[in-house]
file protein01.txt (compact mmCIF, C-alpha atoms and all ligand atoms)
# COMPACT_ATOMS: atom_id res chain seq x y z
CA MET A 1 0.00 0.00 0.00
CA LYS A 2 1.48 3.38 -0.92
CA ASN A 3 0.03 6.60 0.41
CA THR A 4 2.43 9.32 -0.65
CA PHE A 5 2.00 11.71 -3.58
CA GLY A 6 3.91 14.73 -4.87
CA ASN A 7 7.46 15.73 -5.73
CA ASN A 8 8.63 19.06 -4.29
CA LEU A 9 5.83 18.87 -1.75
CA SER A 10 4.99 15.29 -0.90
CA PHE A 11 2.00 14.43 1.22
CA THR A 12 1.30 11.18 3.00
CA ILE A 13 -2.09 10.30 4.45
CA PHE A 14 -2.67 7.69 7.11
CA GLY A 15 -5.39 6.17 9.26
CA GLU A 16 -8.60 4.18 9.10
CA SER A 17 -12.22 5.18 9.51
CA HIS A 18 -12.60 3.55 12.93
CA GLY A 19 -8.95 3.62 14.10
CA SER A 20 -7.85 6.05 16.78
CA GLN A 21 -6.64 8.80 14.43
CA ILE A 22 -6.25 9.85 10.83
CA GLY A 23 -3.68 12.34 9.60
CA ILE A 24 -1.34 13.80 7.02
CA VAL A 25 2.39 14.50 6.78
CA LEU A 26 3.43 17.37 4.47
CA ASP A 27 7.10 17.16 3.50
CA GLY A 28 8.68 19.96 1.48
CA LEU A 29 6.82 22.99 2.85
CA LYS A 30 8.68 26.29 2.90
CA SER A 31 9.45 27.70 6.33
CA GLY A 32 7.56 30.80 7.45
CA ILE A 33 4.04 29.97 6.24
CA LYS A 34 1.66 31.43 8.81
CA ILE A 35 -0.58 28.76 10.26
CA ASP A 36 -4.20 29.84 10.50
CA GLU A 37 -5.95 27.36 12.78
CA GLU A 38 -9.31 29.08 12.29
CA PHE A 39 -8.98 28.60 8.56
CA ILE A 40 -8.12 24.89 9.01
CA ASP A 41 -11.25 24.56 11.10
CA HIS A 42 -13.30 26.42 8.49
CA GLN A 43 -12.11 24.11 5.72
CA LEU A 44 -12.86 21.03 7.82
CA SER A 45 -16.34 22.39 8.53
CA LEU A 46 -17.04 22.50 4.75
CA ARG A 47 -16.41 18.73 4.61
CA ARG A 48 -18.37 17.96 7.76
CA PRO A 49 -21.72 16.14 7.44
CA TYR A 50 -24.84 18.13 8.21
CA GLY A 51 -28.60 17.82 8.18
CA LYS A 52 -30.49 15.24 6.14
CA LEU A 53 -27.93 15.62 3.34
CA SER A 54 -25.23 13.60 5.04
CA THR A 55 -24.32 10.69 7.26
CA ALA A 56 -25.36 10.92 10.90
CA ARG A 57 -21.73 10.27 11.80
CA VAL A 58 -20.60 13.80 12.62
CA GLU A 59 -17.02 14.32 13.77
CA SER A 60 -15.94 17.61 15.31
CA ASP A 61 -12.37 17.14 13.94
CA PRO A 62 -10.30 18.59 16.79
CA PHE A 63 -7.06 18.47 14.79
CA GLU A 64 -3.61 18.79 16.31
CA ILE A 65 -0.41 19.86 14.56
CA VAL A 66 2.23 17.63 16.12
CA SER A 67 5.34 18.55 14.10
CA GLY A 68 6.68 21.09 11.63
CA ALA A 69 5.27 24.22 13.27
CA PHE A 70 6.69 26.62 15.83
CA ASN A 71 5.32 29.92 17.12
CA GLY A 72 2.51 29.85 14.57
CA TYR A 73 4.65 29.34 11.45
CA THR A 74 5.88 26.34 9.46
CA THR A 75 9.48 25.47 10.28
CA GLY A 76 10.27 23.73 6.98
CA SER A 77 10.48 20.28 8.59
CA PRO A 78 7.73 17.69 7.91
CA LEU A 79 4.43 19.02 9.19
CA THR A 80 2.11 16.42 10.70
CA ILE A 81 -1.56 16.92 11.50
CA VAL A 82 -3.55 14.31 13.39
CA ILE A 83 -7.34 14.20 13.77
CA PRO A 84 -8.93 11.75 16.23
CA ASN A 85 -11.88 9.55 15.24
CA GLU A 86 -14.47 9.96 17.93
CA ASN A 87 -17.90 9.02 16.61
CA THR A 88 -17.40 5.40 15.49
CA ARG A 89 -19.91 2.54 15.74
CA SER A 90 -17.93 -0.46 14.58
CA SER A 91 -20.58 -3.06 15.51
CA ASP A 92 -22.57 -1.92 12.43
CA TYR A 93 -19.92 -3.60 10.28
CA SER A 94 -19.28 -6.94 12.03
CA GLU A 95 -22.50 -8.68 10.84
CA THR A 96 -21.84 -7.87 7.19
CA ARG A 97 -18.07 -8.41 7.37
CA PHE A 98 -17.90 -10.76 4.35
CA LEU A 99 -20.78 -9.31 2.34
CA ALA A 100 -19.29 -7.14 -0.38
CA ARG A 101 -21.02 -3.77 -0.62
CA PRO A 102 -21.56 -3.31 -4.38
CA SER A 103 -19.49 -0.33 -5.63
CA HIS A 104 -17.44 -0.19 -2.40
CA ALA A 105 -13.94 -1.56 -1.81
CA ASP A 106 -14.82 -4.39 0.62
CA TYR A 107 -14.17 -7.21 -1.88
CA THR A 108 -11.09 -5.72 -3.59
CA ALA A 109 -9.51 -4.83 -0.22
CA TYR A 110 -10.12 -8.38 1.04
CA VAL A 111 -8.49 -9.90 -2.03
CA LYS A 112 -5.48 -7.55 -1.95
CA TYR A 113 -4.85 -7.48 1.81
CA LYS A 114 -5.87 -11.09 2.45
CA GLY A 115 -8.29 -10.38 5.27
CA TYR A 116 -5.84 -8.26 7.30
CA GLU A 117 -7.51 -5.01 6.24
CA ASP A 118 -9.40 -3.00 8.83
CA TYR A 119 -12.90 -3.33 7.38
CA ARG A 120 -14.69 -1.22 9.98
CA GLY A 121 -16.38 1.75 8.35
CA GLY A 122 -14.52 1.07 5.10
CA GLY A 123 -11.15 1.26 6.91
CA HIS A 124 -8.51 3.08 4.88
CA PHE A 125 -10.93 3.33 1.92
CA SER A 126 -13.34 5.51 3.84
CA GLY A 127 -14.16 9.06 2.84
CA ARG A 128 -13.22 9.87 6.43
CA ILE A 129 -9.53 9.87 5.48
CA THR A 130 -10.16 12.84 3.20
CA ALA A 131 -10.49 15.07 6.30
CA ALA A 132 -6.69 14.76 6.57
CA LEU A 133 -6.26 16.07 3.01
CA VAL A 134 -8.51 19.00 3.79
CA ALA A 135 -6.56 19.88 6.96
CA GLY A 136 -3.21 19.58 5.14
CA ALA A 137 -4.33 21.72 2.23
CA ALA A 138 -5.50 24.41 4.64
CA ILE A 139 -1.80 24.98 5.41
CA VAL A 140 -0.92 25.71 1.77
CA ILE A 141 -4.07 27.52 0.55
CA PRO A 142 -3.09 30.83 2.27
CA ALA A 143 0.41 30.50 0.77
CA LEU A 144 -1.10 30.03 -2.69
CA LYS A 145 -3.32 33.06 -2.14
CA GLU A 146 -0.23 35.16 -1.44
CA GLU A 147 1.05 34.07 -4.87
CA GLY A 148 -2.28 35.22 -6.40
CA ILE A 149 -3.62 31.67 -6.87
CA LEU A 150 -7.25 30.99 -5.99
CA ILE A 151 -9.07 27.67 -6.18
CA GLY A 152 -12.81 27.04 -6.01
CA THR A 153 -15.29 24.29 -6.87
CA HIS A 154 -19.04 24.17 -7.38
CA ILE A 155 -21.57 21.42 -7.88
CA LYS A 156 -22.08 21.74 -11.61
CA LYS A 157 -24.79 19.14 -12.06
CA LEU A 158 -26.81 16.75 -9.93
CA SER A 159 -29.93 14.76 -10.81
CA GLY A 160 -30.38 16.70 -14.05
CA ILE A 161 -30.22 20.07 -12.23
CA SER A 162 -27.43 22.38 -13.45
CA ASP A 163 -25.78 25.25 -11.63
CA ARG A 164 -24.98 28.42 -13.61
CA ASP A 165 -21.53 28.65 -15.21
CA PHE A 166 -18.67 30.53 -13.59
CA ASN A 167 -19.07 34.19 -14.40
CA ASP A 168 -16.52 36.37 -12.61
CA TYR A 169 -14.04 33.74 -11.42
CA ARG A 170 -12.59 35.74 -8.54
CA SER A 171 -15.88 36.70 -6.89
CA ASP A 172 -17.48 33.31 -7.63
CA ILE A 173 -14.57 31.49 -5.95
CA GLU A 174 -14.72 33.78 -2.93
CA TYR A 175 -18.46 33.14 -2.64
CA LEU A 176 -18.17 29.37 -2.99
CA ASN A 177 -15.38 29.08 -0.46
CA ASN A 178 -17.73 30.32 2.24
CA GLU A 179 -20.78 28.25 1.25
CA GLN A 180 -21.55 24.90 2.86
CA PHE A 181 -23.48 23.74 -0.24
CA ALA A 182 -21.38 25.01 -3.11
CA VAL A 183 -23.62 26.24 -5.90
CA LEU A 184 -23.71 29.64 -7.59
CA ASP A 185 -27.44 29.70 -8.33
CA LYS A 186 -29.53 29.50 -5.16
CA ASP A 187 -32.60 28.02 -6.91
CA ALA A 188 -30.51 25.28 -8.47
CA GLY A 189 -29.02 24.68 -5.00
CA SER A 190 -32.46 24.26 -3.40
CA ALA A 191 -33.53 21.82 -6.12
CA MET A 192 -30.31 19.82 -5.66
CA ILE A 193 -30.77 19.68 -1.89
CA LYS A 194 -34.32 18.40 -2.39
CA ALA A 195 -33.04 15.70 -4.77
CA ILE A 196 -30.52 14.51 -2.15
CA GLU A 197 -33.15 14.52 0.58
CA ASP A 198 -35.55 12.55 -1.65
CA ALA A 199 -32.84 9.96 -2.36
CA ALA A 200 -32.11 9.68 1.37
CA ALA A 201 -35.81 9.23 2.19
CA ASP A 202 -35.92 6.43 -0.38
CA GLY A 203 -32.86 4.67 1.14
CA ASP A 204 -30.94 5.45 -2.05
CA SER A 205 -28.05 7.71 -3.12
CA ILE A 206 -27.11 10.05 -5.97
CA GLY A 207 -23.97 11.43 -7.63
CA GLY A 208 -23.12 14.38 -9.87
CA HIS A 209 -20.47 16.59 -11.42
CA LEU A 210 -18.08 19.02 -9.74
CA GLU A 211 -16.38 21.84 -11.61
CA SER A 212 -13.22 23.44 -10.22
CA VAL A 213 -11.18 26.43 -11.30
CA ILE A 214 -7.55 27.21 -10.55
CA LEU A 215 -7.04 30.91 -11.14
CA GLY A 216 -3.77 32.83 -11.23
CA LEU A 217 -1.32 30.05 -12.05
CA ARG A 218 1.46 31.72 -14.05
CA ALA A 219 2.47 30.42 -17.48
CA GLY A 220 5.32 27.93 -17.75
CA LEU A 221 4.61 25.41 -14.97
CA GLY A 222 4.35 21.66 -15.51
CA GLU A 223 6.15 19.06 -17.61
CA PRO A 224 5.55 17.78 -21.14
CA PHE A 225 4.92 14.09 -20.49
CA PHE A 226 4.40 12.09 -17.31
CA ASP A 227 4.13 15.05 -14.98
CA SER A 228 1.97 17.11 -17.34
CA LEU A 229 -0.40 19.32 -15.37
CA GLU A 230 -3.33 17.24 -16.64
CA SER A 231 -1.60 14.08 -15.38
CA LEU A 232 -0.83 15.50 -11.93
CA TYR A 233 -4.24 17.00 -11.31
CA SER A 234 -6.17 14.01 -12.60
CA HIS A 235 -3.92 11.57 -10.69
CA GLY A 236 -4.71 13.47 -7.50
CA LEU A 237 -8.44 13.74 -8.20
CA PHE A 238 -8.79 10.07 -9.09
CA SER A 239 -7.24 9.27 -5.70
CA ILE A 240 -10.29 10.75 -3.98
CA PRO A 241 -12.77 7.96 -3.20
CA ALA A 242 -15.87 8.03 -5.43
CA ILE A 243 -14.37 10.17 -8.22
CA LYS A 244 -14.85 8.22 -11.42
CA GLY A 245 -14.25 10.75 -14.18
CA VAL A 246 -12.04 13.79 -14.79
CA GLU A 247 -12.30 16.23 -17.68
CA PHE A 248 -10.39 19.43 -18.46
CA GLY A 249 -12.84 22.16 -19.39
CA ASN A 250 -15.56 20.80 -21.66
CA ALA A 251 -13.11 18.40 -23.30
CA PHE A 252 -15.35 15.46 -24.19
CA GLU A 253 -17.84 17.65 -26.04
CA ASP A 254 -15.41 20.27 -27.35
CA CYS A 255 -13.13 17.69 -28.93
CA GLU A 256 -15.90 17.17 -31.50
CA LEU A 257 -15.24 20.72 -32.76
CA LYS A 258 -13.06 21.58 -35.77
CA GLY A 259 -9.55 22.90 -35.11
CA SER A 260 -10.66 26.30 -36.34
CA GLU A 261 -13.34 26.31 -33.62
CA PHE A 262 -11.38 24.58 -30.84
CA ASN A 263 -8.05 26.44 -31.11
CA ASP A 264 -7.64 29.25 -28.60
CA PRO A 265 -6.38 32.36 -30.46
CA PHE A 266 -3.61 34.26 -28.66
CA SER A 267 -3.84 37.99 -27.92
CA VAL A 268 -1.88 40.55 -25.98
CA ARG A 269 -4.11 42.24 -23.39
CA ASP A 270 -2.73 44.91 -21.02
CA GLY A 271 0.76 43.71 -22.00
CA ARG A 272 -0.05 40.10 -21.04
CA ILE A 273 -0.27 37.14 -23.39
CA VAL A 274 -3.71 35.54 -23.07
CA THR A 275 -6.02 33.39 -25.20
CA ASP A 276 -9.42 34.65 -26.38
CA THR A 277 -11.12 31.32 -25.66
CA ASN A 278 -10.03 28.60 -23.24
CA HIS A 279 -10.88 25.23 -24.79
CA ASN A 280 -7.47 23.95 -23.67
CA SER A 281 -8.30 24.82 -20.10
CA GLY A 282 -5.11 26.76 -19.42
CA ILE A 283 -2.74 23.94 -20.39
CA ASN A 284 -0.69 23.49 -23.58
CA GLY A 285 1.78 20.63 -23.83
CA GLY A 286 1.30 19.76 -20.16
CA ILE A 287 2.44 23.29 -19.19
CA SER A 288 0.32 26.15 -17.87
CA ASN A 289 -0.34 28.99 -20.34
CA GLY A 290 -1.57 31.43 -17.70
CA MET A 291 -5.31 31.04 -18.37
CA PRO A 292 -7.69 29.61 -15.76
CA ILE A 293 -7.51 25.84 -15.40
CA ILE A 294 -10.99 24.33 -15.37
CA ILE A 295 -11.41 20.75 -14.22
CA ARG A 296 -14.63 18.78 -13.96
CA CYS A 297 -15.03 15.52 -12.15
CA ALA A 298 -17.75 12.94 -11.89
CA VAL A 299 -18.60 11.85 -8.35
CA LYS A 300 -20.50 8.59 -8.24
CA PRO A 301 -23.55 7.88 -6.05
CA THR A 302 -22.61 6.71 -2.55
CA PRO A 303 -22.10 2.93 -2.67
CA SER A 304 -23.75 2.25 0.71
CA ILE A 305 -27.51 2.41 0.25
CA TYR A 306 -30.32 1.06 2.42
CA LYS A 307 -32.18 -0.89 -0.24
CA GLU A 308 -31.66 -4.64 -0.35
CA GLN A 309 -28.87 -5.46 -2.82
CA LYS A 310 -27.64 -8.59 -4.55
CA THR A 311 -24.07 -9.47 -3.60
CA VAL A 312 -21.78 -12.31 -2.52
CA ASP A 313 -20.38 -13.60 0.74
CA PHE A 314 -16.71 -13.66 -0.26
CA ASN A 315 -15.74 -15.89 2.66
CA LYS A 316 -18.26 -18.61 1.77
CA ASN A 317 -17.99 -17.90 -1.96
CA GLU A 318 -21.78 -17.91 -2.40
CA ASP A 319 -24.48 -15.56 -3.59
CA SER A 320 -26.13 -13.49 -0.94
CA LYS A 321 -28.29 -10.44 -0.19
CA LEU A 322 -27.21 -7.35 1.67
CA THR A 323 -29.29 -4.98 3.76
CA LEU A 324 -27.05 -2.39 5.31
CA LYS A 325 -26.86 -0.90 8.73
CA GLY A 326 -24.32 1.82 9.41
CA ARG A 327 -24.45 5.56 8.76
CA HIS A 328 -23.84 6.79 5.25
CA ASP A 329 -24.08 9.84 3.03
CA PRO A 330 -27.00 9.84 0.56
CA ALA A 331 -24.66 11.90 -1.65
CA ILE A 332 -20.93 12.47 -1.45
CA ILE A 333 -20.65 15.36 -3.88
CA HIS A 334 -21.35 18.32 -1.56
CA ARG A 335 -18.71 17.08 0.91
CA ALA A 336 -16.25 16.04 -1.81
CA ARG A 337 -16.01 19.52 -3.31
CA VAL A 338 -13.70 20.81 -0.54
CA VAL A 339 -11.71 17.59 -0.90
CA ALA A 340 -11.30 18.38 -4.61
CA ASP A 341 -10.25 21.95 -3.77
CA SER A 342 -7.77 20.56 -1.26
CA MET A 343 -6.23 18.05 -3.63
CA LEU A 344 -5.86 20.72 -6.32
CA ALA A 345 -4.27 23.09 -3.78
CA LEU A 346 -1.69 20.54 -2.60
CA ILE A 347 -0.73 19.69 -6.18
CA THR A 348 -0.57 23.35 -7.18
CA TYR A 349 1.75 24.09 -4.23
CA ASP A 350 3.91 21.16 -5.37
CA VAL A 351 4.01 22.51 -8.92
CA ILE A 352 5.00 26.07 -7.99
CA SER A 353 7.64 24.98 -5.41
C1 LIG B 1 -16.26 12.83 1.60
C2 LIG B 1 -16.60 11.42 1.25
C3 LIG B 1 -17.60 10.74 1.96
C4 LIG B 1 -17.94 9.44 1.64
N1 LIG B 1 -18.94 8.82 2.38
C5 LIG B 1 -19.29 7.55 2.05
C6 LIG B 1 -20.33 6.89 2.79
O1 LIG B 1 -20.94 7.43 3.72
N2 LIG B 1 -20.66 5.61 2.43
C7 LIG B 1 -20.04 4.98 1.38
O2 LIG B 1 -20.38 3.84 1.07
N3 LIG B 1 -19.06 5.59 0.67
C8 LIG B 1 -18.66 6.84 0.98
N4 LIG B 1 -17.66 7.45 0.26
C9 LIG B 1 -17.12 6.76 -0.94
C10 LIG B 1 -16.27 5.55 -0.69
O3 LIG B 1 -15.21 5.85 0.18
C11 LIG B 1 -15.75 5.00 -2.03
O4 LIG B 1 -16.77 4.92 -2.97
C12 LIG B 1 -15.14 3.62 -1.84
O5 LIG B 1 -13.96 3.73 -1.09
C13 LIG B 1 -14.79 2.92 -3.17
O6 LIG B 1 -13.85 3.69 -3.91
P1 LIG B 1 -14.19 4.18 -5.40
O7 LIG B 1 -15.57 4.75 -5.36
O8 LIG B 1 -13.13 5.22 -5.68
O9 LIG B 1 -14.11 2.99 -6.30
C14 LIG B 1 -17.27 8.76 0.58
C15 LIG B 1 -16.26 9.43 -0.13
C16 LIG B 1 -15.93 10.76 0.19
C17 LIG B 1 -14.87 11.46 -0.63

call {"tool": "encode", "arguments": {"input": "protein01.txt", "output": "structure tokens"}}
result
Amino acid sequence: MKNTFGNNLSFTIFGESHGSQIGIVLDGLKSGIKIDEEFIDHQLSLRRPYGKLSTARVESDPFEIVSGAFNGYTTGSPLTIVIPNENTRSSDYSETRFLARPSHADYTAYVKYKGYEDYRGGGHFSGRITAALVAGAAIVIPALKEEGILIGTHIKKLSGISDRDFNDYRSDIEYLNNEQFAVLDKDAGSAMIKAIEDAAADGDSIGGHLESVILGLRAGLGEPFFDSLESLYSHGLFSIPAIKGVEFGNAFEDCELKGSEFNDPFSVRDGRIVTDTNHNSGINGGISNGMPIIIRCAVKPTPSIYKEQKTVDFNKNEDSKLTLKGRHDPAIIHRARVVADSMLALITYDVIS
């Protein structure tokens, strides 16, 4: 099992859903980054479950920075944040230990780790571990902001309901980063919330699309091949549980256009080289061209649902039925958006370092 990602900044996540703690180690941070504990708490609160939209397992996330910080600033040595798991109910998982939840990692984890995996609450595969990513990214987001780099994500589409497009990136990002349910159009937001509540009432779950923007990344960052910006960002996003698709800009549709329509003409504006359109989503040849980077990802419906499902008992090797207990999110998307922001922030810090 390998849990480290990144080059100039590497980050390692650890822990299990029902273990004593989860956490992150950030190695490669510059010294002198001011640590804003209120901001870390704010970011964690955006991931926290709430209301009928989320699992009833609510954790208050009282994080602790146990290394790499002194007198309120990073020291430059590895910075470690730990977050205790407090609200666990492991008995929910013992009865269904060998019944593979369809769409979850129970079966693949059992095959790979030969029964030694901690299965409680999804163990290391749980969305719970993403709290560590959010806490870690909250160290670098203020440093990115000082470099003029802003990152924001909204729920673009859910159950056939679409949010409005980004308009003014800067003000839209600032708005989203303070919203618990990240949509730009309030009416679309209400309709999405209703769709999640309806799915929850029906014992079911739903997924959707997130759209993120990275604004202010200067031209010339990234590598042509294996560490192309597309490769790094999509590698990171695909590491987030439940993300099943990544697209740069409107790539799948726009690639049907002709070259004369798709190509982004260059212009000089206020002395700066820009492109008039942004079909390439700010990246040419794996390297940033200075335009906003737009990334969409598909977040699948939560695997754990309360309807009876067909499955197998992988210990007995026989067909079975599964009716779940346990506490689960009827949708992951509204909690995953700050995880997406966080992953993009950690990778962006790596790229500019
Ligand atoms: C923030 C967050 C919360 C999640 N909550 C749940 C949950 O309550 N129940 C569940 O079955 N899966 C949940 N997941 C998704 C599973 O962890 C994920 O689907 C599973 O590990 C299988 O991985 P895969 O979907 O990438 O194939 C959550 C994921 C995230 C990012």

call {"tool": "residues_around", "arguments": {"input": "protein01.txt", "residues": "region 105-122 of chain A", "least_positions_apart": "4", "cutoff": "7 Å", "atoms": "all atoms listed in the file", "output": "list in words"}}
result
Ser17, His18, Ser90, Tyr93, Ala100, Arg101 and Ser126 of chain A

call {"tool": "write_last_selection", "arguments": {"input": "protein01.txt", "atoms": "C-alpha atoms", "output": "mmCIF file, keeping the file's coordinate frame"}}
result
data_model
loop_
_atom_site.group_PDB
_atom_site.id
_atom_site.type_symbol
_atom_site.label_atom_id
_atom_site.label_comp_id
_atom_site.auth_asym_id
_atom_site.auth_seq_id
_atom_site.Cartn_x
_atom_site.Cartn_y
_atom_site.Cartn_z
ATOM 1 C CA SER A 17 -12.220 5.180 9.510
ATOM 2 C CA HIS A 18 -12.600 3.550 12.930
ATOM 3 C CA SER A 90 -17.930 -0.460 14.580
ATOM 4 C CA TYR A 93 -19.920 -3.600 10.280
ATOM 5 C CA ALA A 100 -19.290 -7.140 -0.380
ATOM 6 C CA ARG A 101 -21.020 -3.770 -0.620
ATOM 7 C CA SER A 126 -13.340 5.510 3.840
#

call {"tool": "residues_near_ligand", "arguments": {"input": "protein01.txt", "ligand": "ligand LIG 1 (chain B)", "cutoff": "10 Å", "atoms": "all atoms listed in the file", "output": "JSON, numbers by chain"}}
result
{"A": [17, 47, 48, 49, 54, 55, 56, 57, 101, 102, 103, 104, 105, 106, 108, 109, 121, 122, 123, 124, 125, 126, 127, 128, 129, 130, 131, 205, 238, 239, 240, 241, 242, 243, 244, 299, 300, 301, 302, 303, 304, 305, 326, 327, 328, 329, 330, 331, 332, 333, 334, 335, 336, 337, 338, 339, 340]}

call {"tool": "residues_around", "arguments": {"input": "protein01.txt", "residues": "Gly236 (chain A)", "least_positions_apart": "5", "cutoff": "12 Å", "atoms": "only C-alpha atoms", "output": "ChimeraX atom specification"}}
result
/A:3-6,10-11,133,227,229-231,241,243,245-246,295,297,339-348,350

call {"tool": "atom_distance", "arguments": {"input": "protein01.txt", "atom1": "CA of Tyr169 (chain A)", "atom2": "CA of Gly51 (chain A)"}}
result
29.1 Å

call {"tool": "closest_residue", "arguments": {"input": "protein01.txt", "among": "A:Asp27, A:Asp168, A:Glu146, A:Asp92", "to": "Gly76 (chain A)", "atoms": "all atoms listed in the file"}}
result
A:Asp27

call {"tool": "axis_aligned_box", "arguments": {"input": "protein01.txt", "around": "region 36-53 of chain A", "padding_each_side": "3 Å", "output": "lines of an AutoDock Vina configuration file"}}
result
center_x = -17.3
center_y = 22.5
center_z = 8.1
size_x = 32.3
size_y = 20.6
size_z = 15.4

call {"tool": "closest_atom_pairs", "arguments": {"input": "protein01.txt", "of": "region 281-312 of chain A", "to": "region 209-222 of chain A", "cutoff": "8 Å", "atoms": "only C-alpha atoms", "output": "Markdown table"}}
result
| residue | atom | partner | partner_atom | distance |
| --- | --- | --- | --- | --- |
| A:Gly286 | CA | A:Gly222 | CA | 5.9 |
| A:Ile287 | CA | A:Gly222 | CA | 4.5 |
| A:Ser288 | CA | A:Ala219 | CA | 4.8 |
| A:Asn289 | CA | A:Ala219 | CA | 4.3 |
| A:Gly290 | CA | A:Ala219 | CA | 4.2 |
| A:Met291 | CA | A:Leu215 | CA | 7.4 |
| A:Pro292 | CA | A:Leu215 | CA | 4.8 |
| A:Ile293 | CA | A:Ile214 | CA | 5.0 |
| A:Ile294 | CA | A:Val213 | CA | 4.6 |
| A:Ile295 | CA | A:Ser212 | CA | 5.1 |
| A:Arg296 | CA | A:Glu211 | CA | 4.2 |
| A:Cys297 | CA | A:Leu210 | CA | 5.2 |
| A:Ala298 | CA | A:His209 | CA | 4.6 |
| A:Val299 | CA | A:His209 | CA | 5.9 |

call {"tool": "write_last_selection", "arguments": {"input": "protein01.txt", "atoms": "C-alpha atoms", "output": "PDB file, in the frame of the given file"}}
result
ATOM      1  CA  GLY A 286       1.300  19.760 -20.160  1.00  0.00           C
ATOM      2  CA  ILE A 287       2.440  23.290 -19.190  1.00  0.00           C
ATOM      3  CA  SER A 288       0.320  26.150 -17.870  1.00  0.00           C
ATOM      4  CA  ASN A 289      -0.340  28.990 -20.340  1.00  0.00           C
ATOM      5  CA  GLY A 290      -1.570  31.430 -17.700  1.00  0.00           C
ATOM      6  CA  MET A 291      -5.310  31.040 -18.370  1.00  0.00           C
ATOM      7  CA  PRO A 292      -7.690  29.610 -15.760  1.00  0.00           C
ATOM      8  CA  ILE A 293      -7.510  25.840 -15.400  1.00  0.00           C
ATOM      9  CA  ILE A 294     -10.990  24.330 -15.370  1.00  0.00           C
ATOM     10  CA  ILE A 295     -11.410  20.750 -14.220  1.00  0.00           C
ATOM     11  CA  ARG A 296     -14.630  18.780 -13.960  1.00  0.00           C
ATOM     12  CA  CYS A 297     -15.030  15.520 -12.150  1.00  0.00           C
ATOM     13  CA  ALA A 298     -17.750  12.940 -11.890  1.00  0.00           C
ATOM     14  CA  VAL A 299     -18.600  11.850  -8.350  1.00  0.00           C
TER      15      VAL A 299
END
